[in-house]
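With PDB, C-alpha atoms and all ligand atoms inside, this is data_4.pdb:
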ATOM      1  CA  MET A   1       6.639   3.122  15.035
ATOM      2  CA  TYR A   2       4.633   5.457  12.782
ATOM      3  CA  THR A   3       1.079   5.260  14.108
ATOM      4  CA  TYR A   4      -2.439   5.983  12.890
ATOM      5  CA  GLY A   5      -2.597   8.901  15.342
ATOM      6  CA  GLU A   6       0.528  10.440  13.822
ATOM      7  CA  LEU A   7      -0.926   9.935  10.350
ATOM      8  CA  LEU A   8      -4.121  11.808  11.287
ATOM      9  CA  ASP A   9      -1.982  14.643  12.711
ATOM     10  CA  ASP A  10       0.011  14.839   9.470
ATOM     11  CA  VAL A  11      -3.120  14.818   7.303
ATOM     12  CA  ASN A  12      -4.753  17.555   9.434
ATOM     13  CA  TYR A  13      -1.575  19.616   9.264
ATOM     14  CA  LEU A  14      -1.500  19.372   5.460
ATOM     15  CA  SER A  15      -5.183  20.271   5.150
ATOM     16  CA  ARG A  16      -4.605  23.433   7.205
ATOM     17  CA  PHE A  17      -2.145  24.477   4.480
ATOM     18  CA  GLY A  18      -4.757  24.054   1.775
ATOM     19  CA  VAL A  19      -3.852  20.540   0.617
ATOM     20  CA  GLU A  20      -6.889  18.535  -0.474
ATOM     21  CA  THR A  21      -7.466  15.691   1.953
ATOM     22  CA  GLY A  22     -10.409  13.396   2.625
ATOM     23  CA  CYS A  23     -11.463   9.843   3.275
ATOM     24  CA  VAL A  24     -11.543   6.815   1.025
ATOM     25  CA  GLY A  25     -13.899   5.102   3.456
ATOM     26  CA  ALA A  26     -13.791   3.529   6.889
ATOM     27  CA  SER A  27     -12.213   0.387   8.297
ATOM     28  CA  ARG A  28     -14.112  -2.544   9.795
ATOM     29  CA  PHE A  29     -13.936  -0.853  13.219
ATOM     30  CA  GLY A  30     -14.883   2.555  11.906
ATOM     31  CA  ARG A  31     -11.507   4.252  11.559
ATOM     32  CA  LEU A  32     -11.345   6.687   8.657
ATOM     33  CA  ILE A  33      -8.947   5.834   5.824
ATOM     34  CA  PRO A  34      -7.487   9.182   4.709
ATOM     35  CA  PHE A  35      -6.287  10.281   1.278
ATOM     36  CA  VAL A  36      -4.032  13.215   0.368
ATOM     37  CA  HIS A  37      -4.148  14.795  -3.088
ATOM     38  CA  MET A  38      -1.218  16.747  -4.526
ATOM     39  CA  GLU A  39      -2.754  18.371  -7.549
ATOM     40  CA  GLY A  40      -0.823  18.526 -10.818
ATOM     41  CA  LYS A  41      -1.486  18.959 -14.535
ATOM     42  CA  GLY A  42      -0.844  15.343 -15.458
ATOM     43  CA  LYS A  43      -3.081  12.302 -15.329
ATOM     44  CA  PRO A  44      -3.672  10.818 -11.873
ATOM     45  CA  VAL A  45      -1.238   8.476 -10.162
ATOM     46  CA  LEU A  46      -2.425   6.555  -7.098
ATOM     47  CA  VAL A  47      -0.020   5.563  -4.323
ATOM     48  CA  THR A  48      -1.028   3.249  -1.479
ATOM     49  CA  ALA A  49       0.826   2.173   1.649
ATOM     50  CA  GLY A  50       0.220   0.502   4.990
ATOM     51  CA  ILE A  51      -2.073  -2.287   3.776
ATOM     52  CA  HIS A  52      -0.082  -4.677   6.006
ATOM     53  CA  ALA A  53      -0.268  -3.694   9.670
ATOM     54  CA  ARG A  54       3.354  -4.174  10.666
ATOM     55  CA  GLU A  55       4.665  -2.330   7.586
ATOM     56  CA  HIS A  56       4.251   1.084   9.234
ATOM     57  CA  VAL A  57       7.426   2.353   7.552
ATOM     58  CA  SER A  58       5.642   2.200   4.183
ATOM     59  CA  SER A  59       3.117   4.782   5.511
ATOM     60  CA  LEU A  60       5.966   6.915   6.816
ATOM     61  CA  PHE A  61       7.639   6.706   3.394
ATOM     62  CA  ALA A  62       4.411   7.909   1.724
ATOM     63  CA  ILE A  63       4.031  10.807   4.185
ATOM     64  CA  LYS A  64       7.637  11.885   3.640
ATOM     65  CA  GLN A  65       6.976  11.927  -0.118
ATOM     66  CA  ILE A  66       3.828  14.003   0.396
ATOM     67  CA  TYR A  67       5.789  16.664   2.320
ATOM     68  CA  LYS A  68       8.456  16.629  -0.400
ATOM     69  CA  PHE A  69       5.821  17.122  -3.130
ATOM     70  CA  PHE A  70       4.323  19.946  -1.090
ATOM     71  CA  SER A  71       7.653  21.777  -1.128
ATOM     72  CA  VAL A  72       8.577  21.474  -4.831
ATOM     73  CA  THR A  73       7.010  22.059  -8.246
ATOM     74  CA  HIS A  74       5.678  18.923  -9.892
ATOM     75  CA  VAL A  75       3.756  17.902 -13.002
ATOM     76  CA  SER A  76       2.106  14.719 -11.770
ATOM     77  CA  ASP A  77      -1.308  14.631 -10.101
ATOM     78  CA  VAL A  78      -0.766  12.254  -7.199
ATOM     79  CA  TRP A  79      -3.296  10.738  -4.806
ATOM     80  CA  TRP A  80      -1.911   8.977  -1.729
ATOM     81  CA  VAL A  81      -3.752   6.554   0.512
ATOM     82  CA  PRO A  82      -0.959   6.319   3.082
ATOM     83  CA  MET A  83      -2.585   3.852   5.494
ATOM     84  CA  VAL A  84      -5.061   1.403   3.952
ATOM     85  CA  ASN A  85      -5.256  -0.658   7.158
ATOM     86  CA  PRO A  86      -5.683   1.691  10.151
ATOM     87  CA  ASP A  87      -7.175  -1.004  12.433
ATOM     88  CA  GLY A  88      -4.147  -3.196  11.772
ATOM     89  CA  ASN A  89      -1.769  -0.335  12.541
ATOM     90  CA  VAL A  90      -3.548   0.369  15.857
ATOM     91  CA  LEU A  91      -3.479  -3.348  16.697
ATOM     92  CA  ALA A  92       0.243  -3.654  15.878
ATOM     93  CA  SER A  93       1.130  -0.491  17.817
ATOM     94  CA  SER A  94      -1.292  -0.607  20.806
ATOM     95  CA  GLY A  95      -2.341  -4.256  21.065
ATOM     96  CA  ALA A  96      -5.754  -5.887  21.508
ATOM     97  CA  GLU A  97      -6.667  -3.588  24.437
ATOM     98  CA  ALA A  98      -7.487  -0.875  21.879
ATOM     99  CA  PHE A  99     -10.379  -3.025  20.569
ATOM    100  CA  GLY A 100     -12.587  -3.233  23.662
ATOM    101  CA  PHE A 101     -14.881  -6.245  23.626
ATOM    102  CA  GLU A 102     -13.054  -7.723  20.602
ATOM    103  CA  LYS A 103      -9.910  -8.084  22.727
ATOM    104  CA  ASN A 104     -10.271 -11.768  23.616
ATOM    105  CA  LYS A 105     -11.156 -12.742  20.055
ATOM    106  CA  LEU A 106      -8.043 -10.973  18.769
ATOM    107  CA  LEU A 107      -5.839 -12.566  21.426
ATOM    108  CA  ALA A 108      -7.149 -15.986  20.363
ATOM    109  CA  LEU A 109      -6.331 -15.185  16.704
ATOM    110  CA  ASN A 110      -2.818 -14.267  17.843
ATOM    111  CA  GLY A 111      -2.324 -17.537  19.717
ATOM    112  CA  GLY A 112      -2.727 -15.843  23.101
ATOM    113  CA  ASN A 113       0.201 -13.534  22.427
ATOM    114  CA  HIS A 114      -0.276  -9.923  23.614
ATOM    115  CA  ASP A 115       2.447  -8.715  21.236
ATOM    116  CA  PHE A 116       0.856  -7.786  17.876
ATOM    117  CA  SER A 117       3.913  -6.016  16.456
ATOM    118  CA  LEU A 118       4.310  -8.645  13.708
ATOM    119  CA  TRP A 119       0.591  -8.643  12.744
ATOM    120  CA  LYS A 120      -0.165  -8.052   9.039
ATOM    121  CA  ALA A 121      -3.946  -8.448   8.653
ATOM    122  CA  ASN A 122      -6.808  -6.110   9.563
ATOM    123  CA  ALA A 123      -8.531  -6.470  12.945
ATOM    124  CA  ALA A 124     -10.840  -9.177  11.568
ATOM    125  CA  GLY A 125      -7.792 -11.329  10.800
ATOM    126  CA  VAL A 126      -8.114 -10.858   7.019
ATOM    127  CA  ASP A 127      -4.944 -10.136   5.041
ATOM    128  CA  LEU A 128      -6.202  -7.219   2.942
ATOM    129  CA  ASN A 129      -3.646  -7.768   0.205
ATOM    130  CA  VAL A 130      -5.154 -11.140  -0.697
ATOM    131  CA  ASN A 131      -8.782  -9.958  -0.493
ATOM    132  CA  PHE A 132      -9.063  -8.244  -3.916
ATOM    133  CA  ASP A 133     -10.969  -9.776  -6.797
ATOM    134  CA  ALA A 134      -7.995 -11.006  -8.855
ATOM    135  CA  LYS A 135      -7.727 -14.831  -8.876
ATOM    136  CA  TRP A 136      -8.988 -14.550  -5.308
ATOM    137  CA  GLY A 137      -8.120 -17.579  -3.177
ATOM    138  CA  GLU A 138      -5.659 -19.000  -5.737
ATOM    139  CA  GLY A 139      -2.470 -17.601  -4.197
ATOM    140  CA  LYS A 140       0.344 -19.902  -3.173
ATOM    141  CA  LEU A 141       0.372 -18.915   0.515
ATOM    142  CA  ASN A 142      -3.390 -18.303   0.872
ATOM    143  CA  SER A 143      -5.042 -19.413   4.094
ATOM    144  CA  ARG A 144      -8.710 -20.106   4.944
ATOM    145  CA  ILE A 145      -8.213 -19.393   8.631
ATOM    146  CA  ALA A 146      -8.341 -15.912  10.176
ATOM    147  CA  GLY A 147      -5.068 -14.785  11.702
ATOM    148  CA  SER A 148      -2.059 -12.540  11.394
ATOM    149  CA  GLU A 149      -1.462 -13.121   7.684
ATOM    150  CA  ASN A 150      -2.569 -14.812   4.445
ATOM    151  CA  PHE A 151      -6.300 -15.274   5.286
ATOM    152  CA  VAL A 152      -8.198 -14.377   2.093
ATOM    153  CA  GLY A 153     -11.520 -13.559   3.818
ATOM    154  CA  GLU A 154     -14.943 -15.109   3.244
ATOM    155  CA  ARG A 155     -15.041 -13.821  -0.332
ATOM    156  CA  ALA A 156     -13.289 -11.251  -2.555
ATOM    157  CA  PHE A 157     -13.906  -7.738  -1.225
ATOM    158  CA  SER A 158     -15.403  -9.053   2.027
ATOM    159  CA  GLU A 159     -13.547  -6.267   3.882
ATOM    160  CA  PRO A 160     -14.622  -2.601   3.952
ATOM    161  CA  GLU A 161     -11.007  -1.489   3.476
ATOM    162  CA  THR A 162     -10.469  -3.350   0.175
ATOM    163  CA  LEU A 163     -13.906  -2.441  -1.168
ATOM    164  CA  ALA A 164     -13.372   1.248  -0.350
ATOM    165  CA  LEU A 165      -9.918   1.283  -1.992
ATOM    166  CA  ALA A 166     -11.251  -0.427  -5.135
ATOM    167  CA  GLU A 167     -14.156   2.047  -5.426
ATOM    168  CA  PHE A 168     -11.821   4.993  -4.822
ATOM    169  CA  THR A 169      -9.416   3.713  -7.496
ATOM    170  CA  LYS A 170     -12.247   3.405 -10.032
ATOM    171  CA  LYS A 171     -13.299   6.970  -9.236
ATOM    172  CA  ILE A 172      -9.789   8.460  -9.534
ATOM    173  CA  LYS A 173      -8.990   6.485 -12.740
ATOM    174  CA  PRO A 174      -5.184   6.428 -12.241
ATOM    175  CA  CYS A 175      -2.815   5.798 -15.152
ATOM    176  CA  LEU A 176      -0.368   4.107 -12.761
ATOM    177  CA  THR A 177      -0.483   2.771  -9.203
ATOM    178  CA  LEU A 178       2.336   2.214  -6.730
ATOM    179  CA  SER A 179       1.918   0.094  -3.592
ATOM    180  CA  TYR A 180       4.492   0.458  -0.839
ATOM    181  CA  HIS A 181       5.264  -2.541   1.356
ATOM    182  CA  ALA A 182       8.257  -3.620   3.442
ATOM    183  CA  LYS A 183      10.706  -5.285   3.275
ATOM    184  CA  GLY A 184      13.360  -6.524   0.827
ATOM    185  CA  ARG A 185      14.072  -3.748  -1.718
ATOM    186  CA  GLU A 186      12.201  -5.515  -4.527
ATOM    187  CA  ILE A 187       9.784  -4.497  -7.283
ATOM    188  CA  TYR A 188       6.884  -6.633  -8.565
ATOM    189  CA  TYR A 189       4.954  -5.724 -11.719
ATOM    190  CA  GLU A 190       3.486  -8.906 -13.245
ATOM    191  CA  PHE A 191       0.077 -10.503 -13.011
ATOM    192  CA  GLY A 192      -0.635 -12.442 -16.208
ATOM    193  CA  GLN A 193      -0.031  -9.633 -18.708
ATOM    194  CA  SER A 194       1.262 -10.559 -22.175
ATOM    195  CA  GLY A 195       2.526  -8.960 -25.389
ATOM    196  CA  ALA A 196       2.768  -5.179 -25.541
ATOM    197  CA  THR A 197       1.164  -4.738 -22.105
ATOM    198  CA  LEU A 198       3.819  -6.911 -20.489
ATOM    199  CA  GLU A 199       6.577  -5.030 -22.346
ATOM    200  CA  ARG A 200       5.133  -1.703 -21.237
ATOM    201  CA  ASP A 201       4.891  -2.737 -17.596
ATOM    202  CA  ARG A 202       8.356  -4.299 -17.551
ATOM    203  CA  ASP A 203       9.832  -1.142 -19.063
ATOM    204  CA  ILE A 204       8.249   0.978 -16.290
ATOM    205  CA  ALA A 205       9.335  -1.483 -13.600
ATOM    206  CA  GLU A 206      12.904  -1.536 -14.960
ATOM    207  CA  TYR A 207      13.001   2.239 -14.767
ATOM    208  CA  ALA A 208      11.668   2.102 -11.180
ATOM    209  CA  ALA A 209      14.418  -0.412 -10.373
ATOM    210  CA  SER A 210      17.072   1.894 -11.836
ATOM    211  CA  LEU A 211      15.771   4.822  -9.750
ATOM    212  CA  THR A 212      15.551   2.921  -6.462
ATOM    213  CA  GLY A 213      18.327   0.350  -6.824
ATOM    214  CA  PHE A 214      15.732  -2.321  -5.953
ATOM    215  CA  THR A 215      15.750  -5.817  -7.502
ATOM    216  CA  LEU A 216      13.234  -6.394 -10.294
ATOM    217  CA  ILE A 217      11.235  -9.588  -9.726
ATOM    218  CA  ASN A 218       9.867 -11.264 -12.855
ATOM    219  CA  GLY A 219       6.744 -13.404 -12.484
ATOM    220  CA  THR A 220       4.233 -13.327  -9.649
ATOM    221  CA  ARG A 221       5.867 -15.676  -7.121
ATOM    222  CA  GLY A 222       2.413 -17.206  -6.651
ATOM    223  CA  SER A 223       0.692 -13.997  -5.552
ATOM    224  CA  ALA A 224      -3.064 -13.461  -6.090
ATOM    225  CA  GLY A 225      -5.779 -11.220  -4.736
ATOM    226  CA  GLY A 226      -3.458  -8.241  -4.196
ATOM    227  CA  TYR A 227      -4.239  -4.614  -4.955
ATOM    228  CA  LYS A 228      -1.586  -4.484  -7.680
ATOM    229  CA  ASP A 229      -2.955  -7.753  -9.119
ATOM    230  CA  TRP A 230      -6.461  -6.307  -9.259
ATOM    231  CA  CYS A 231      -5.272  -3.059 -10.899
ATOM    232  CA  ILE A 232      -3.397  -5.021 -13.577
ATOM    233  CA  GLN A 233      -6.212  -7.499 -14.251
ATOM    234  CA  SER A 234      -9.311  -5.330 -13.925
ATOM    235  CA  LEU A 235      -8.117  -1.841 -14.823
ATOM    236  CA  LYS A 236      -5.371  -2.868 -17.316
ATOM    237  CA  ILE A 237      -3.004  -0.245 -15.923
ATOM    238  CA  PRO A 238       0.650  -0.574 -14.944
ATOM    239  CA  SER A 239       0.836  -1.258 -11.238
ATOM    240  CA  LEU A 240       3.948  -1.784  -9.143
ATOM    241  CA  THR A 241       4.520  -3.215  -5.684
ATOM    242  CA  LEU A 242       7.646  -1.800  -4.077
ATOM    243  CA  GLU A 243       9.118  -3.585  -1.076
ATOM    244  CA  LEU A 244      11.041  -0.934   0.821
ATOM    245  CA  ALA A 245      13.850  -1.329   3.359
ATOM    246  CA  PRO A 246      16.802  -3.727   3.471
ATOM    247  CA  ASP A 247      15.956  -7.402   3.841
ATOM    248  CA  ASP A 248      18.473  -7.968   6.621
ATOM    249  CA  MET A 249      16.527  -5.700   9.003
ATOM    250  CA  GLU A 250      13.977  -7.461  11.229
ATOM    251  CA  HIS A 251      10.252  -6.683  11.706
ATOM    252  CA  PRO A 252       9.029  -4.579  13.424
ATOM    253  CA  LEU A 253      11.224  -2.229  11.424
ATOM    254  CA  PRO A 254      12.520   0.982  12.976
ATOM    255  CA  ASP A 255      11.456   4.279  11.340
ATOM    256  CA  CYS A 256      14.991   4.713   9.968
ATOM    257  CA  ALA A 257      14.590   1.559   7.812
ATOM    258  CA  ILE A 258      13.310   3.672   4.886
ATOM    259  CA  ALA A 259      15.657   6.655   5.323
ATOM    260  CA  ASP A 260      18.108   5.595   2.598
ATOM    261  CA  ASP A 261      15.311   4.666   0.179
ATOM    262  CA  PHE A 262      13.687   8.065   0.669
ATOM    263  CA  GLU A 263      16.952   9.945   0.298
ATOM    264  CA  ARG A 264      17.770   8.105  -2.915
ATOM    265  CA  GLU A 265      14.467   8.922  -4.641
ATOM    266  CA  PRO A 266      12.053  11.208  -2.731
ATOM    267  CA  MET A 267      10.067  12.095  -5.897
ATOM    268  CA  LEU A 268       9.477   8.547  -7.153
ATOM    269  CA  PRO A 269       5.811   9.019  -8.252
ATOM    270  CA  GLU A 270       6.757  12.152 -10.244
ATOM    271  CA  LYS A 271       9.712  10.461 -11.967
ATOM    272  CA  LEU A 272       7.624   7.427 -12.886
ATOM    273  CA  TYR A 273       4.758   9.565 -14.150
ATOM    274  CA  LEU A 274       7.088  11.562 -16.418
ATOM    275  CA  PHE A 275       8.564   8.314 -17.773
ATOM    276  CA  VAL A 276       5.121   6.873 -18.488
ATOM    277  CA  GLU A 277       4.027  10.079 -20.228
ATOM    278  CA  GLN A 278       7.227  10.481 -22.290
ATOM    279  CA  HIS A 279       7.015   6.907 -23.549
ATOM    280  CA  GLY A 280       3.376   7.264 -24.603
ATOM    281  CA  TYR A 281       2.201   4.596 -22.145
ATOM    282  CA  ILE A 282      -0.888   6.628 -21.186
TER     283      ILE A 282
HETATM  284 ZN    ZN B 301       3.218  -6.032   2.681
END
Could you render the structure as C-alpha cells?
Amino acid sequence: MYTYGELLDDVNYLSRFGVETGCVGASRFGRLIPFVHMEGKGKPVLVTAGIHAREHVSSLFAIKQIYKFFSVTHVSDVWWVPMVNPDGNVLASSGAEAFGFEKNKLLALNGGNHDFSLWKANAAGVDLNVNFDAKWGEGKLNSRIAGSENFVGERAFSEPETLALAEFTKKIKPCLTLSYHAKGREIYYEFGQSGATLERDRDIAEYAASLTGFTLINGTRGSAGGYKDWCIQSLKIPSLTLELAPDDMEHPLPDCAIADDFEREPMLPEKLYLFVEQHGYI
C-alpha cells in the first residue's frame, strides 16, 4: 500500500531537485496536505487524488505522473494534490492505534473491526467526496451517520480537508481539474451542465476515454457534494473523475492495479490540457 509516509518522502525528494512543493492545508488531525507544482507555460490544471482512504493507488498514480512530468518537456502547468485525505490513508494503512485517544471512537465507527483497509472517509468518519458545497446532502447514497463511507458531515465544508482544497482551487484558478479514484476504469464529467457547456465537457471526457480506454459514464448516477461536482457547479470549469484500475480487482488494491493505466497514458494531464487549448475551451 502506498502510504502517507511514502508520499512525504516523494514530495521531499522532488523539492530537493527544485520542484515547487508546499501545503494546501492540514487535515483534521493536523497532517499536512502536500501539493506539487510542475510549472509550464499553459494555464493551470489541477489534479487531485487520494480523497478516499482506501484508494491509495490513485495517489501512487499521481506520483508516478509527477515523476514522468519531471523527466520530460511539457507545456501544461500542472498542480497535483496527490493525497487529499492523509488521516484516512494512515487509518487504512496503520489502523486506529495511530490515532491515540481517538482509537476507541474510531473502532466504534468501524463496528469494532480493527481492519480499516476498506475505510474511505477521513478520521472523523466524514466521506470527503460528499462534503463539498454542490447539492450537498442530496446524493443518492448519502448518509447522516459517521462511518467508513457516504457520511456527508454536519454541513458542506465541515471538514478542514475539503475547505482547504476548495480555497486552494480558487487560488490556483485551474482551467480543468482531474480527480483520480479507484476502481472501475470509468470517467464521470456531468453535474447539471447544459447546452454548449455540456457539449464542451462531453467532448473533453470523450477524448479522455479514448486516451485511457475507460468507459464514459453519462449522467451523475446520483452523485452530489463531490469535488468534481463543486468545480462544475461553482467554478464552471470542465472537471473529470477518473476511476482507475480494473473493476474485477478487489479492495484493498495492490500497487500494481494502476500499472497498465499508467503505462497506457502517463502524460494524461498534458494531453488533456493540449486538447482543451486546441479546441478553444479555455
Ligand atoms: Zn473514490
Contacts of ligand ZN 301 (chain B), 9 Å or closer, all atoms listed in the file, given as a PyMOL selection string: chain A and resi 49-55+58+120+129+179-183+241+243
Contacts of stretch 103-110 of chain A at 10 Å (only C-alpha atoms; same-chain gap of 2+ positions) as a ChimeraX atom specification: /A:91,95-101,112-116,118-119,123-125,145-148
Separation of atom CA of A:Leu268 from atom CA of A:Asp255, in Å and rounded to one decimal: 19.1 Å
Expected selection from the PyMOL selection byres (((chain A and resi 76) around 7) and not hetatm), given as a list in words: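 That selection, the PyMOL selection byres (((chain A and resi 76) around 7) and not hetatm), comes back as Gly40, Lys41, Gly42, Lys43, Pro44, His74, Val75, Asp77, Val78, Glu270 and Tyr273 of chain A.
Ranking A:Leu163, A:Ala208, A:Val276, A:Ala257 by their shortest atom-to-atom distance to A:Ile237, with all atoms listed in the file included, puts A:Val276 first.
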